[in-house]
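See below for final.json, which holds JSON, C-alpha atoms and all ligand atoms.
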```
[["chain", "number", "residue", "atom", "x", "y", "z"],
["A", 1, "MET", "CA", -1.67, 42.26, 61.35],
["A", 2, "GLU", "CA", -0.45, 42.21, 64.93],
["A", 3, "ASP", "CA", 0.92, 38.69, 64.93],
["A", 4, "ASN", "CA", 3.13, 39.29, 61.91],
["A", 5, "LEU", "CA", 6.79, 38.45, 62.15],
["A", 6, "SER", "CA", 9.80, 40.41, 61.02],
["A", 7, "LEU", "CA", 12.24, 37.95, 59.46],
["A", 8, "ARG", "CA", 15.74, 38.43, 58.13],
["A", 9, "VAL", "CA", 17.20, 36.48, 55.23],
["A", 10, "ALA", "CA", 20.08, 34.61, 56.88],
["A", 11, "GLU", "CA", 21.07, 32.53, 53.83],
["A", 12, "ARG", "CA", 20.07, 32.12, 50.24],
["A", 13, "ALA", "CA", 21.08, 29.44, 47.79],
["A", 14, "GLU", "CA", 20.03, 28.73, 44.22],
["A", 15, "ASP", "CA", 19.10, 25.10, 43.85],
["A", 16, "ARG", "CA", 18.29, 23.09, 40.70],
["A", 17, "GLY", "CA", 15.05, 23.61, 38.82],
["A", 18, "GLY", "CA", 14.85, 27.38, 39.48],
["A", 19, "ILE", "CA", 14.28, 26.89, 43.20],
["A", 20, "LEU", "CA", 15.60, 29.49, 45.61],
["A", 21, "ARG", "CA", 16.26, 28.14, 49.07],
["A", 22, "LEU", "CA", 15.96, 30.65, 51.86],
["A", 23, "THR", "CA", 16.82, 30.40, 55.51],
["A", 24, "LEU", "CA", 15.01, 33.04, 57.55],
["A", 25, "ALA", "CA", 15.70, 34.07, 61.14],
["A", 26, "ALA", "CA", 13.93, 36.51, 63.48],
["A", 27, "SER", "CA", 15.29, 39.98, 62.75],
["A", 28, "ASP", "CA", 15.67, 40.62, 66.51],
["A", 29, "GLY", "CA", 17.58, 37.32, 66.91],
["A", 30, "ARG", "CA", 14.92, 35.72, 69.12],
["A", 31, "GLU", "CA", 13.62, 32.18, 68.91],
["A", 32, "LEU", "CA", 10.93, 31.75, 66.28],
["A", 33, "PRO", "CA", 7.40, 30.51, 66.97],
["A", 34, "PRO", "CA", 7.23, 26.72, 66.53],
["A", 35, "PHE", "CA", 5.64, 25.19, 63.46],
["A", 36, "GLU", "CA", 4.02, 21.88, 62.62],
["A", 37, "ALA", "CA", 4.92, 19.77, 59.62],
["A", 38, "GLY", "CA", 2.84, 20.91, 56.64],
["A", 39, "ALA", "CA", 2.66, 24.55, 57.81],
["A", 40, "HIS", "CA", 3.37, 27.55, 55.62],
["A", 41, "LEU", "CA", 4.18, 31.23, 56.02],
["A", 42, "ASP", "CA", 2.26, 34.01, 54.34],
["A", 43, "ILE", "CA", 5.04, 36.22, 53.03],
["A", 44, "ARG", "CA", 4.55, 39.81, 51.97],
["A", 45, "VAL", "CA", 6.38, 40.48, 48.73],
["A", 46, "THR", "CA", 6.89, 44.17, 48.15],
["A", 47, "GLY", "CA", 9.06, 45.70, 45.45],
["A", 48, "GLU", "CA", 9.82, 44.93, 41.80],
["A", 49, "GLY", "CA", 6.40, 46.42, 40.99],
["A", 50, "VAL", "CA", 4.35, 44.11, 43.20],
["A", 51, "ASP", "CA", 2.79, 44.19, 46.65],
["A", 52, "LEU", "CA", 1.38, 40.72, 47.25],
["A", 53, "TRP", "CA", 1.01, 38.11, 49.94],
["A", 54, "ARG", "CA", 2.17, 34.66, 48.93],
["A", 55, "GLN", "CA", 2.15, 31.32, 50.74],
["A", 56, "TYR", "CA", 5.32, 29.22, 51.01],
["A", 57, "SER", "CA", 5.60, 25.91, 52.84],
["A", 58, "LEU", "CA", 8.16, 25.41, 55.58],
["A", 59, "CYS", "CA", 10.53, 22.64, 54.53],
["A", 60, "GLY", "CA", 12.87, 22.33, 57.50],
["A", 61, "ASP", "CA", 12.75, 20.00, 60.48],
["A", 62, "PRO", "CA", 9.97, 21.22, 62.82],
["A", 63, "ARG", "CA", 12.31, 20.61, 65.77],
["A", 64, "GLU", "CA", 14.60, 23.40, 64.57],
["A", 65, "ARG", "CA", 13.67, 26.62, 66.42],
["A", 66, "GLY", "CA", 16.19, 29.15, 65.17],
["A", 67, "ALA", "CA", 15.27, 29.27, 61.48],
["A", 68, "TYR", "CA", 12.52, 28.82, 58.94],
["A", 69, "ARG", "CA", 13.50, 27.18, 55.67],
["A", 70, "LEU", "CA", 11.67, 27.74, 52.40],
["A", 71, "GLY", "CA", 12.07, 26.62, 48.78],
["A", 72, "ILE", "CA", 10.63, 29.07, 46.26],
["A", 73, "LEU", "CA", 10.13, 28.20, 42.62],
["A", 74, "LYS", "CA", 10.64, 31.04, 40.17],
["A", 75, "ASP", "CA", 7.38, 30.50, 38.36],
["A", 76, "PRO", "CA", 7.10, 32.36, 35.04],
["A", 77, "ALA", "CA", 3.32, 31.81, 35.14],
["A", 78, "SER", "CA", 2.94, 33.52, 38.54],
["A", 79, "ARG", "CA", 1.66, 37.03, 39.06],
["A", 80, "GLY", "CA", 5.15, 38.22, 39.96],
["A", 81, "GLY", "CA", 5.44, 37.17, 43.62],
["A", 82, "SER", "CA", 8.05, 34.45, 43.19],
["A", 83, "ARG", "CA", 10.01, 36.43, 40.59],
["A", 84, "ALA", "CA", 10.16, 39.45, 42.91],
["A", 85, "LEU", "CA", 11.16, 37.33, 45.88],
["A", 86, "HIS", "CA", 13.99, 35.76, 43.89],
["A", 87, "ALA", "CA", 15.25, 39.26, 43.14],
["A", 88, "LEU", "CA", 14.70, 40.84, 46.56],
["A", 89, "ALA", "CA", 15.50, 38.13, 49.12],
["A", 90, "ARG", "CA", 19.22, 38.88, 49.49],
["A", 91, "PRO", "CA", 21.08, 38.07, 52.72],
["A", 92, "GLY", "CA", 20.16, 40.68, 55.33],
["A", 93, "ALA", "CA", 16.87, 41.67, 53.66],
["A", 94, "VAL", "CA", 13.96, 41.95, 56.08],
["A", 95, "ILE", "CA", 10.70, 40.23, 55.19],
["A", 96, "GLU", "CA", 7.26, 40.56, 56.77],
["A", 97, "ALA", "CA", 5.52, 37.23, 57.29],
["A", 98, "SER", "CA", 2.63, 35.72, 59.18],
["A", 99, "ALA", "CA", 3.26, 33.29, 61.98],
["A", 100, "PRO", "CA", 3.23, 29.69, 60.66],
["A", 101, "ARG", "CA", -0.23, 28.43, 59.74],
["A", 102, "ASN", "CA", -1.11, 24.86, 58.93],
["A", 103, "HIS", "CA", -3.81, 23.77, 56.48],
["A", 104, "PHE", "CA", -1.96, 20.57, 55.58],
["A", 105, "ALA", "CA", -1.58, 18.89, 58.92],
["A", 106, "LEU", "CA", -0.37, 15.33, 59.35],
["A", 107, "ALA", "CA", -2.69, 12.68, 60.76],
["A", 108, "GLU", "CA", 0.16, 11.56, 62.99],
["A", 109, "ALA", "CA", -1.52, 8.43, 64.30],
["A", 110, "ALA", "CA", -2.07, 6.94, 60.80],
["A", 111, "PRO", "CA", -0.63, 3.44, 60.39],
["A", 112, "ARG", "CA", 1.04, 4.51, 57.15],
["A", 113, "SER", "CA", 1.55, 7.80, 55.28],
["A", 114, "ILE", "CA", 2.22, 8.17, 51.57],
["A", 115, "LEU", "CA", 3.70, 11.56, 50.63],
["A", 116, "LEU", "CA", 3.31, 12.36, 46.92],
["A", 117, "ALA", "CA", 5.28, 15.42, 45.81],
["A", 118, "GLY", "CA", 5.49, 17.02, 42.38],
["A", 119, "GLY", "CA", 8.40, 19.46, 41.88],
["A", 120, "VAL", "CA", 8.49, 22.20, 44.50],
["A", 121, "GLY", "CA", 5.53, 20.45, 46.15],
["A", 122, "VAL", "CA", 8.21, 18.51, 47.99],
["A", 123, "THR", "CA", 8.70, 21.43, 50.43],
["A", 124, "PRO", "CA", 5.96, 20.60, 52.97],
["A", 125, "MET", "CA", 6.71, 16.90, 52.49],
["A", 126, "LEU", "CA", 10.28, 17.35, 53.73],
["A", 127, "ALA", "CA", 8.99, 18.77, 57.01],
["A", 128, "MET", "CA", 6.48, 15.91, 57.18],
["A", 129, "ALA", "CA", 9.21, 13.34, 56.54],
["A", 130, "HIS", "CA", 11.27, 14.81, 59.39],
["A", 131, "ARG", "CA", 8.28, 14.60, 61.70],
["A", 132, "LEU", "CA", 7.19, 11.09, 60.71],
["A", 133, "HIS", "CA", 10.77, 9.88, 61.05],
["A", 134, "ALA", "CA", 11.03, 11.44, 64.53],
["A", 135, "LEU", "CA", 7.78, 9.70, 65.51],
["A", 136, "GLY", "CA", 9.02, 6.39, 64.13],
["A", 137, "ARG", "CA", 6.03, 6.10, 61.76],
["A", 138, "ASP", "CA", 5.77, 4.05, 58.58],
["A", 139, "PHE", "CA", 5.89, 6.37, 55.58],
["A", 140, "GLU", "CA", 7.26, 6.82, 52.08],
["A", 141, "LEU", "CA", 7.96, 9.96, 50.10],
["A", 142, "HIS", "CA", 7.59, 9.82, 46.33],
["A", 143, "TYR", "CA", 9.31, 12.82, 44.74],
["A", 144, "CYS", "CA", 8.33, 13.34, 41.10],
["A", 145, "THR", "CA", 10.18, 15.73, 38.79],
["A", 146, "ARG", "CA", 10.86, 16.08, 35.07],
["A", 147, "SER", "CA", 14.51, 15.04, 35.43],
["A", 148, "ARG", "CA", 17.25, 14.69, 37.99],
["A", 149, "ALA", "CA", 18.83, 17.86, 36.58],
["A", 150, "VAL", "CA", 15.86, 19.95, 37.84],
["A", 151, "THR", "CA", 15.43, 18.17, 41.18],
["A", 152, "ALA", "CA", 16.12, 20.42, 44.15],
["A", 153, "PHE", "CA", 17.01, 19.30, 47.69],
["A", 154, "LEU", "CA", 18.99, 16.27, 46.43],
["A", 155, "GLU", "CA", 21.91, 16.77, 48.80],
["A", 156, "GLU", "CA", 19.62, 17.42, 51.73],
["A", 157, "ILE", "CA", 17.64, 14.26, 51.05],
["A", 158, "ASP", "CA", 20.82, 12.24, 50.62],
["A", 159, "ALA", "CA", 21.98, 13.39, 54.05],
["A", 160, "ALA", "CA", 18.58, 12.98, 55.73],
["A", 161, "PRO", "CA", 17.95, 10.23, 58.28],
["A", 162, "PHE", "CA", 14.87, 9.22, 56.24],
["A", 163, "ARG", "CA", 16.78, 8.81, 52.96],
["A", 164, "ASP", "CA", 15.71, 5.17, 52.61],
["A", 165, "ARG", "CA", 12.04, 6.28, 52.65],
["A", 166, "VAL", "CA", 12.41, 8.47, 49.54],
["A", 167, "ARG", "CA", 11.76, 7.27, 45.99],
["A", 168, "PHE", "CA", 12.61, 9.53, 43.06],
["A", 169, "HIS", "CA", 10.50, 9.49, 39.88],
["A", 170, "HIS", "CA", 11.87, 11.37, 36.87],
["A", 171, "ASP", "CA", 9.82, 11.72, 33.67],
["A", 172, "ASP", "CA", 12.89, 11.53, 31.43],
["A", 173, "GLU", "CA", 13.99, 8.24, 32.98],
["A", 174, "GLY", "CA", 10.55, 6.68, 32.53],
["A", 175, "THR", "CA", 10.23, 6.11, 36.28],
["A", 176, "LEU", "CA", 6.86, 7.87, 36.69],
["A", 177, "TYR", "CA", 4.98, 7.18, 39.87],
["A", 178, "ASP", "CA", 2.34, 4.55, 39.29],
["A", 179, "PRO", "CA", -0.83, 5.17, 41.34],
["A", 180, "ALA", "CA", -1.55, 1.44, 41.08],
["A", 181, "ALA", "CA", 1.17, 1.15, 43.75],
["A", 182, "LEU", "CA", -1.02, 2.91, 46.34],
["A", 183, "PRO", "CA", -1.79, 0.68, 49.30],
["A", 184, "ALA", "CA", -5.32, -0.73, 49.39],
["A", 185, "PRO", "CA", -7.59, 1.86, 51.08],
["A", 186, "GLY", "CA", -8.60, -0.71, 53.68],
["A", 187, "GLU", "CA", -5.08, -0.59, 55.12],
["A", 188, "GLY", "CA", -5.85, 2.85, 56.55],
["A", 189, "ALA", "CA", -3.04, 4.80, 54.87],
["A", 190, "HIS", "CA", -3.28, 8.58, 54.57],
["A", 191, "LEU", "CA", -2.16, 10.24, 51.33],
["A", 192, "TYR", "CA", -0.61, 13.71, 51.06],
["A", 193, "VAL", "CA", -0.48, 15.38, 47.65],
["A", 194, "CYS", "CA", 1.28, 18.63, 46.76],
["A", 195, "GLY", "CA", 2.50, 19.85, 43.38],
["A", 196, "PRO", "CA", 1.29, 21.48, 40.16],
["A", 197, "GLN", "CA", -2.47, 21.39, 39.67],
["A", 198, "GLY", "CA", -2.40, 18.74, 36.88],
["A", 199, "PHE", "CA", -0.24, 16.46, 39.04],
["A", 200, "MET", "CA", -2.60, 16.86, 41.96],
["A", 201, "ASP", "CA", -5.76, 16.31, 39.92],
["A", 202, "TRP", "CA", -4.23, 13.14, 38.42],
["A", 203, "LEU", "CA", -3.30, 11.62, 41.78],
["A", 204, "ILE", "CA", -6.43, 12.70, 43.63],
["A", 205, "GLU", "CA", -8.63, 11.19, 40.90],
["A", 206, "ALA", "CA", -6.58, 7.97, 40.97],
["A", 207, "ALA", "CA", -6.88, 7.76, 44.77],
["A", 208, "GLU", "CA", -10.63, 8.40, 44.64],
["A", 209, "ARG", "CA", -11.05, 5.74, 41.95],
["A", 210, "ALA", "CA", -9.10, 3.35, 44.15],
["A", 211, "GLY", "CA", -11.65, 4.00, 46.91],
["A", 212, "TYR", "CA", -9.83, 6.42, 49.23],
["A", 213, "PRO", "CA", -12.23, 8.59, 51.25],
["A", 214, "SER", "CA", -11.53, 12.28, 50.83],
["A", 215, "GLU", "CA", -10.59, 12.73, 54.50],
["A", 216, "ARG", "CA", -7.59, 10.50, 53.85],
["A", 217, "ILE", "CA", -6.45, 12.44, 50.76],
["A", 218, "HIS", "CA", -4.73, 15.53, 52.14],
["A", 219, "ARG", "CA", -3.95, 18.21, 49.60],
["A", 220, "GLU", "CA", -2.04, 21.47, 49.45],
["A", 221, "TYR", "CA", -2.29, 23.74, 46.42],
["A", 222, "PHE", "CA", 0.16, 26.60, 45.86],
["A", 223, "SER", "CA", -1.88, 28.22, 43.16],
["A", 224, "ALA", "CA", -4.98, 27.43, 41.23],
["A", 225, "ASP", "CA", -6.45, 28.35, 37.88],
["A", 226, "VAL", "CA", -9.66, 29.86, 39.04],
["A", 227, "GLU", "CA", -12.43, 31.24, 36.85],
["A", 228, "LEU", "CA", -13.59, 34.40, 38.59],
["A", 229, "SER", "CA", -16.37, 35.58, 36.30],
["A", 230, "GLY", "CA", -20.04, 34.62, 36.03],
["A", 231, "ASP", "CA", -23.54, 36.10, 36.28],
["A", 232, "SER", "CA", -24.08, 39.00, 38.63],
["A", 233, "PHE", "CA", -25.78, 38.47, 41.99],
["A", 234, "GLU", "CA", -26.57, 40.31, 45.19],
["A", 235, "VAL", "CA", -24.65, 40.08, 48.44],
["A", 236, "GLU", "CA", -26.01, 41.35, 51.72],
["A", 237, "ALA", "CA", -23.26, 42.02, 54.26],
["A", 238, "ARG", "CA", -25.58, 41.62, 57.23],
["A", 239, "ALA", "CA", -23.32, 42.78, 60.04],
["A", 240, "SER", "CA", -22.43, 45.89, 58.05],
["A", 241, "GLY", "CA", -26.04, 46.52, 56.96],
["A", 242, "VAL", "CA", -25.08, 46.91, 53.30],
["A", 243, "THR", "CA", -26.24, 45.16, 50.13],
["A", 244, "VAL", "CA", -24.17, 45.25, 46.97],
["A", 245, "THR", "CA", -24.49, 43.82, 43.46],
["A", 246, "VAL", "CA", -21.47, 41.78, 42.37],
["A", 247, "GLY", "CA", -20.82, 42.39, 38.68],
["A", 248, "PRO", "CA", -20.02, 39.61, 36.15],
["A", 249, "ASP", "CA", -16.27, 40.33, 36.23],
["A", 250, "GLU", "CA", -16.06, 41.36, 39.85],
["A", 251, "THR", "CA", -15.36, 39.27, 42.96],
["A", 252, "ILE", "CA", -17.39, 39.50, 46.16],
["A", 253, "ALA", "CA", -14.33, 40.89, 47.96],
["A", 254, "LYS", "CA", -13.90, 43.64, 45.34],
["A", 255, "ALA", "CA", -17.62, 44.49, 45.33],
["A", 256, "LEU", "CA", -17.60, 44.81, 49.13],
["A", 257, "GLU", "CA", -14.44, 46.92, 49.03],
["A", 258, "ARG", "CA", -16.18, 49.22, 46.53],
["A", 259, "VAL", "CA", -18.79, 50.04, 49.20],
["A", 260, "GLY", "CA", -16.23, 50.45, 51.96],
["A", 261, "ILE", "CA", -16.27, 46.97, 53.52],
["A", 262, "ALA", "CA", -12.72, 45.65, 53.78],
["A", 263, "VAL", "CA", -12.22, 41.89, 53.59],
["A", 264, "GLU", "CA", -8.76, 40.56, 54.25],
["A", 265, "VAL", "CA", -7.49, 38.72, 51.16],
["A", 266, "LYS", "CA", -4.09, 37.23, 50.43],
["A", 267, "CYS", "CA", -3.81, 34.72, 47.58],
["A", 268, "GLU", "CA", -6.94, 35.98, 45.72],
["A", 269, "GLU", "CA", -7.30, 32.56, 44.05],
["A", 270, "GLY", "CA", -9.00, 30.34, 46.58],
["A", 271, "VAL", "CA", -5.87, 28.70, 47.95],
["A", 272, "CYS", "CA", -5.07, 30.16, 51.37],
["A", 273, "GLY", "CA", -8.39, 30.48, 53.20],
["A", 274, "THR", "CA", -7.67, 33.99, 54.51],
["A", 275, "CYS", "CA", -10.95, 35.39, 53.15],
["A", 276, "LEU", "CA", -13.18, 32.62, 54.50],
["A", 277, "THR", "CA", -16.55, 34.12, 55.42],
["A", 278, "THR", "CA", -19.64, 32.66, 57.11],
["A", 279, "VAL", "CA", -22.66, 32.21, 54.84],
["A", 280, "LEU", "CA", -25.99, 32.96, 56.53],
["A", 281, "GLU", "CA", -28.33, 32.50, 53.54],
["A", 282, "GLY", "CA", -28.11, 31.55, 49.87],
["A", 283, "LEU", "CA", -26.12, 29.01, 47.90],
["A", 284, "PRO", "CA", -22.43, 29.65, 47.18],
["A", 285, "ASP", "CA", -20.76, 28.60, 43.94],
["A", 286, "HIS", "CA", -17.48, 27.39, 45.46],
["A", 287, "ARG", "CA", -14.58, 28.04, 43.09],
["A", 288, "ASP", "CA", -11.72, 27.58, 45.59],
["A", 289, "VAL", "CA", -9.43, 24.64, 46.30],
["A", 290, "PHE", "CA", -9.17, 25.49, 50.00],
["A", 291, "LEU", "CA", -12.38, 23.94, 51.34],
["A", 292, "THR", "CA", -12.79, 20.18, 51.22],
["A", 293, "PRO", "CA", -15.66, 18.70, 49.17],
["A", 294, "GLU", "CA", -17.50, 18.01, 52.45],
["A", 295, "GLU", "CA", -17.07, 21.60, 53.64],
["A", 296, "LYS", "CA", -18.28, 22.88, 50.28],
["A", 297, "ALA", "CA", -21.38, 20.70, 50.52],
["A", 298, "GLU", "CA", -22.17, 22.20, 53.96],
["A", 299, "ASN", "CA", -22.19, 25.73, 52.48],
["A", 300, "ALA", "CA", -21.48, 27.18, 55.92],
["A", 301, "GLU", "CA", -18.46, 29.19, 54.74],
["A", 302, "MET", "CA", -17.06, 30.44, 51.46],
["A", 303, "THR", "CA", -13.97, 32.14, 50.07],
["A", 304, "VAL", "CA", -15.08, 35.57, 48.91],
["A", 305, "CYS", "CA", -11.93, 36.27, 46.87],
["A", 306, "CYS", "CA", -13.07, 33.94, 44.09],
["A", 307, "SER", "CA", -16.29, 32.06, 44.83],
["A", 308, "ARG", "CA", -19.61, 33.27, 43.52],
["A", 309, "ALA", "CA", -23.32, 32.43, 43.98],
["A", 310, "LEU", "CA", -25.67, 29.82, 42.59],
["A", 311, "SER", "CA", -28.60, 31.70, 44.12],
["A", 312, "ALA", "CA", -29.61, 35.24, 43.17],
["A", 313, "ARG", "CA", -28.65, 36.47, 46.63],
["A", 314, "LEU", "CA", -26.20, 35.59, 49.37],
["A", 315, "VAL", "CA", -26.24, 36.82, 52.94],
["A", 316, "LEU", "CA", -22.83, 36.88, 54.57],
["A", 317, "ASP", "CA", -21.84, 37.41, 58.19],
["A", 318, "ILE", "CA", -19.63, 40.39, 57.58],
["B", 401, "LIG", "S1", -7.59, 35.19, 49.79],
["B", 401, "LIG", "FE1", -6.79, 33.19, 49.74],
["B", 401, "LIG", "S2", -8.57, 31.96, 49.64],
["B", 401, "LIG", "FE2", -9.32, 33.95, 49.42]]
```
Using the file provided, produce a representation of the structure as structure tokens.
Ligand code: FES
Amino acid sequence: MEDNLSLRVAERAEDRGGILRLTLAASDGRELPPFEAGAHLDIRVTGEGVDLWRQYSLCGDPRERGAYRLGILKDPASRGGSRALHALARPGAVIEASAPRNHFALAEAAPRSILLAGGVGVTPMLAMAHRLHALGRDFELHYCTRSRAVTAFLEEIDAAPFRDRVRFHHDDEGTLYDPAALPAPGEGAHLYVCGPQGFMDWLIEAAERAGYPSERIHREYFSADVELSGDSFEVEARASGVTVTVGPDETIAKALERVGIAVEVKCEEGVCGTCLTTVLEGLPDHRDVFLTPEEKAENAEMTVCCSRALSARLVLDI
């Protein structure tokens, strides 16, 4: 893609909990494009037997223009992207990345913001904390991990100007976050949730039960367990003038590729939104975590890397 960046690994450091911290700079030494709190980079991971695009949140202060900071968990359950990046991202290595993109933007005017982070889900929250602190907003960051021994970014948080806004919750110390502590929804607070899927489901359900409207529960998934299979159905790619049958174990993107229609995909699990496609007719079976419940109900767009059809036929604007 033309707007891709060429980044050089300026520093790497192993932090607790299997988290690799990377500082990336432009390989030509220029200033980097600015980013908003909550933004991520799509990083191309090539080598170690993989060629994948993966999304990693920017965790530095958005005011810093010379470097992008990332924290990457070596996830044994991943499809190899994080493991390969841990092996390959040595100082001096050059990495291809998208410009920063933000699907987890702050509602900066909110009277109060509650940042709820599980494990490496703290990464976008650190950028948000920097931003909210700079704006002088009321916020708190709850950082939940299994134990202090696997908690990354401790020194950085200790030195941060927003240190007094951070509460640590460690399972082994019995200091779990209690969703009953959420402010009453009527106070207008916005919630931000990022972490493993079980952690997110637990907090989102608790916030919904408490009466939070979904537009005030902001969420960022890094990966999702998505069921890709189902009954077969027909897809008409109207702009291309082609109709294809999507098999029970095939995705729409793969079926279209089979007949020569390329769809850009990155995460392939309904997380990043790269493959979002306009639906002209038919009823999608949304399997992604990218679209909000309201957007899914509109059925105007769908993620073709993982979502399927509830109707026998879909017509897509592709
Ligand atoms: S490729 Fe990421 S949502 Fe489809």
Would you give me, as JSON lines, each residue of chain A having an atom within 10 Å of an atom of ligand LIG 401 (chain B), along with its shortest atom pair and that distance in Å to one decimal, using all atoms listed in the file and sorting by chain and residue number?
```
{"residue": "A:Trp53", "atom": "CA", "partner": "B:LIG401", "partner_atom": "S1", "distance": 9.1}
{"residue": "A:Arg54", "atom": "CA", "partner": "B:LIG401", "partner_atom": "FE1", "distance": 9.1}
{"residue": "A:Gln55", "atom": "CA", "partner": "B:LIG401", "partner_atom": "FE1", "distance": 9.2}
{"residue": "A:Ser223", "atom": "CA", "partner": "B:LIG401", "partner_atom": "FE1", "distance": 9.6}
{"residue": "A:Ala253", "atom": "CA", "partner": "B:LIG401", "partner_atom": "FE2", "distance": 8.7}
{"residue": "A:Val263", "atom": "CA", "partner": "B:LIG401", "partner_atom": "S1", "distance": 9.0}
{"residue": "A:Glu264", "atom": "CA", "partner": "B:LIG401", "partner_atom": "S1", "distance": 7.1}
{"residue": "A:Val265", "atom": "CA", "partner": "B:LIG401", "partner_atom": "S1", "distance": 3.8}
{"residue": "A:Lys266", "atom": "CA", "partner": "B:LIG401", "partner_atom": "S1", "distance": 4.1}
{"residue": "A:Cys267", "atom": "CA", "partner": "B:LIG401", "partner_atom": "FE1", "distance": 4.0}
{"residue": "A:Glu268", "atom": "CA", "partner": "B:LIG401", "partner_atom": "S1", "distance": 4.2}
{"residue": "A:Glu269", "atom": "CA", "partner": "B:LIG401", "partner_atom": "FE1", "distance": 5.7}
{"residue": "A:Gly270", "atom": "CA", "partner": "B:LIG401", "partner_atom": "S2", "distance": 3.5}
{"residue": "A:Val271", "atom": "CA", "partner": "B:LIG401", "partner_atom": "S2", "distance": 4.6}
{"residue": "A:Cys272", "atom": "CA", "partner": "B:LIG401", "partner_atom": "FE1", "distance": 3.8}
{"residue": "A:Gly273", "atom": "CA", "partner": "B:LIG401", "partner_atom": "S2", "distance": 3.9}
{"residue": "A:Thr274", "atom": "CA", "partner": "B:LIG401", "partner_atom": "S1", "distance": 4.9}
{"residue": "A:Cys275", "atom": "CA", "partner": "B:LIG401", "partner_atom": "FE2", "distance": 4.3}
{"residue": "A:Leu276", "atom": "CA", "partner": "B:LIG401", "partner_atom": "FE2", "distance": 6.5}
{"residue": "A:Thr277", "atom": "CA", "partner": "B:LIG401", "partner_atom": "FE2", "distance": 9.4}
{"residue": "A:Arg287", "atom": "CA", "partner": "B:LIG401", "partner_atom": "S2", "distance": 9.7}
{"residue": "A:Asp288", "atom": "CA", "partner": "B:LIG401", "partner_atom": "S2", "distance": 6.7}
{"residue": "A:Val289", "atom": "CA", "partner": "B:LIG401", "partner_atom": "S2", "distance": 8.1}
{"residue": "A:Phe290", "atom": "CA", "partner": "B:LIG401", "partner_atom": "S2", "distance": 6.5}
{"residue": "A:Leu291", "atom": "CA", "partner": "B:LIG401", "partner_atom": "S2", "distance": 9.0}
{"residue": "A:Met302", "atom": "CA", "partner": "B:LIG401", "partner_atom": "FE2", "distance": 8.7}
{"residue": "A:Thr303", "atom": "CA", "partner": "B:LIG401", "partner_atom": "FE2", "distance": 5.0}
{"residue": "A:Val304", "atom": "CA", "partner": "B:LIG401", "partner_atom": "FE2", "distance": 6.0}
{"residue": "A:Cys305", "atom": "CA", "partner": "B:LIG401", "partner_atom": "FE2", "distance": 4.3}
{"residue": "A:Cys306", "atom": "CA", "partner": "B:LIG401", "partner_atom": "FE2", "distance": 6.5}
{"residue": "A:Ser307", "atom": "CA", "partner": "B:LIG401", "partner_atom": "FE2", "distance": 8.6}
```
Note to self: Given all atoms listed in the file as the basis, pick out the residue of A:Phe233, A:Phe168, A:Tyr212, A:Trp202 nearest to Gly186 of chain A.
What the structure shows: A:Tyr212
Next item on the list: Would you mind telling me which residue in A:Arg30, A:Arg90, A:His218, A:Arg167 lies nearest to Leu154 of chain A when using all atoms listed in the file?
Entry: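 Closest to Leu154 of chain A, using all atoms listed in the file: A:Arg167.
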Margin query: Residues near Ala99 of chain A, anyone? I mean within 9 Å using only C-alpha atoms, not counting same-chain ones fewer than 6 positions away, as a ChimeraX atom specification.
Written below: /A:3-5,32-35,40-42
For Glu11 of chain A, work out the shell of residues within 6 Å, counting all atoms listed in the file and skipping chain neighbours fewer than 6 positions away, then give it as a PDB file with C-alpha atoms, in the frame of the given file.
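Saved to out_9.pdb:
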```pdb
ATOM      1  CA  LEU A  22      15.960  30.650  51.860  1.00  0.00           C
ATOM      2  CA  THR A  23      16.820  30.400  55.510  1.00  0.00           C
ATOM      3  CA  PRO A  91      21.080  38.070  52.720  1.00  0.00           C
TER       4      PRO A  91
END
```
8 Å per side around segment 157-166 of chain A: axis-aligned box centre and edge lengths, as AutoDock Vina command-line options:
```
--center_x 17.0 --center_y 9.7 --center_z 53.9 --size_x 25.9 --size_y 25.1 --size_z 24.7
```
Notebook entry, point to check: Quick one: residues within 6 Å of His130 of chain A, only C-alpha atoms counted, chain neighbours fewer than 3 positions away excluded, as a PyMOL selection string?
Noted result: chain A and resi 61+127+133
